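Asker: This is the structure, below, for whatever I ask next.
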Amino acid sequence: MRHKPDNPSWPIRDRFIISKGHGCPVLYVTLANCVYFPKEELKTFRELGSQLQGNAHVGVPGVELSTGSVGQGLSVAVGIALGAKIRKVAFNTDFHTFVNRHNYTQSSKAWTVLL
């Protein structure tokens, strides 16, 4: 993925949309490994006052959206894609594809929308 930990809001970065917010520990470890925040902070996961809570939220560097309802990621991804199209920003390249046949969903309501 194209990203810049020193500039998490870089306009042409690749986006990772996690719809199942309670899967955020994997996201947090990945962000720490990419130096969005110190790995030592992982030890504060779900502690009172920690930015690393049980669902991802935009207060954490590198997190694109606060998560909640399983399946909301699909609508967020569509919104990001439509916004990029309006602004004429090209996310898809020969090597990186924003949405393709390899994207998967485990939420029945999101899958139903795709059908």
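Labeling convention for the structure tokens: chains A, B, ... as they appear, residues from 1 per chain, ligands from 1 in order of appearance.
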Counting only C-alpha atoms, which residues of stretch 6-51 of chain A sit at most 12 Å from some atom of stretch 71-84 of chain A, and what is each one's closest atom pair with its distance in Å to one decimal, listed by chain and rising residue number, as CSV?
Answerer:
```
residue,atom,partner,partner_atom,distance
A:Pro11,CA,A:Ala84,CA,9.7
A:Ile12,CA,A:Ala84,CA,9.3
A:Arg13,CA,A:Ala84,CA,11.5
A:Asp14,CA,A:Ile80,CA,10.8
A:Arg15,CA,A:Ala77,CA,8.6
A:Phe16,CA,A:Ala77,CA,9.1
A:Ile17,CA,A:Gly73,CA,6.0
A:Ile18,CA,A:Gly73,CA,6.2
A:Ser19,CA,A:Gly73,CA,4.3
A:Lys20,CA,A:Gly71,CA,7.1
A:Gly21,CA,A:Gly73,CA,9.5
```
Asker: Which neighbours of A:Leu42 fall inside 10 Å, counting only C-alpha atoms, when residues of the same chain fewer than 5 positions from it are skipped, and could you give them as number ranges by chain?
Answerer: A: 25, 28-29, 32, 37, 50-52
Asker: Tell me, in Å to one decimal, how far atom CA of A:Leu48 is from atom CA of A:Thr30.
Answerer: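 These atoms are spaced 21.8 Å apart.
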Asker: For A:Tyr36, which residue among A:Ser9, A:Arg87, A:Gly68, A:Gly62 is the nearest when counting only C-alpha atoms?
Answerer: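 Once distances to A:Tyr36 are computed over only C-alpha atoms, the minimum belongs to A:Gly62.
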Asker: If you run DSSP over the backbone, which residues in stretch 6-99 of chain A end up alpha helix (DSSP H)? Put them as a list in words.
Answerer: Cys24, Pro25, Val26, Leu27, Tyr28, Val29, Thr30, Leu31, Ala32, Asn33, Gln72, Gly73, Leu74, Ser75, Val76, Ala77, Val78, Gly79, Ile80, Ala81, Leu82, Gly83, Ala84, Lys85, Ile86 and Arg87 of chain A
Asker: Neighbours of A:Gln53 within 12 Å (only C-alpha atoms; same-chain residues fewer than 5 positions away dropped), as a count of residues only?
Answerer: 20
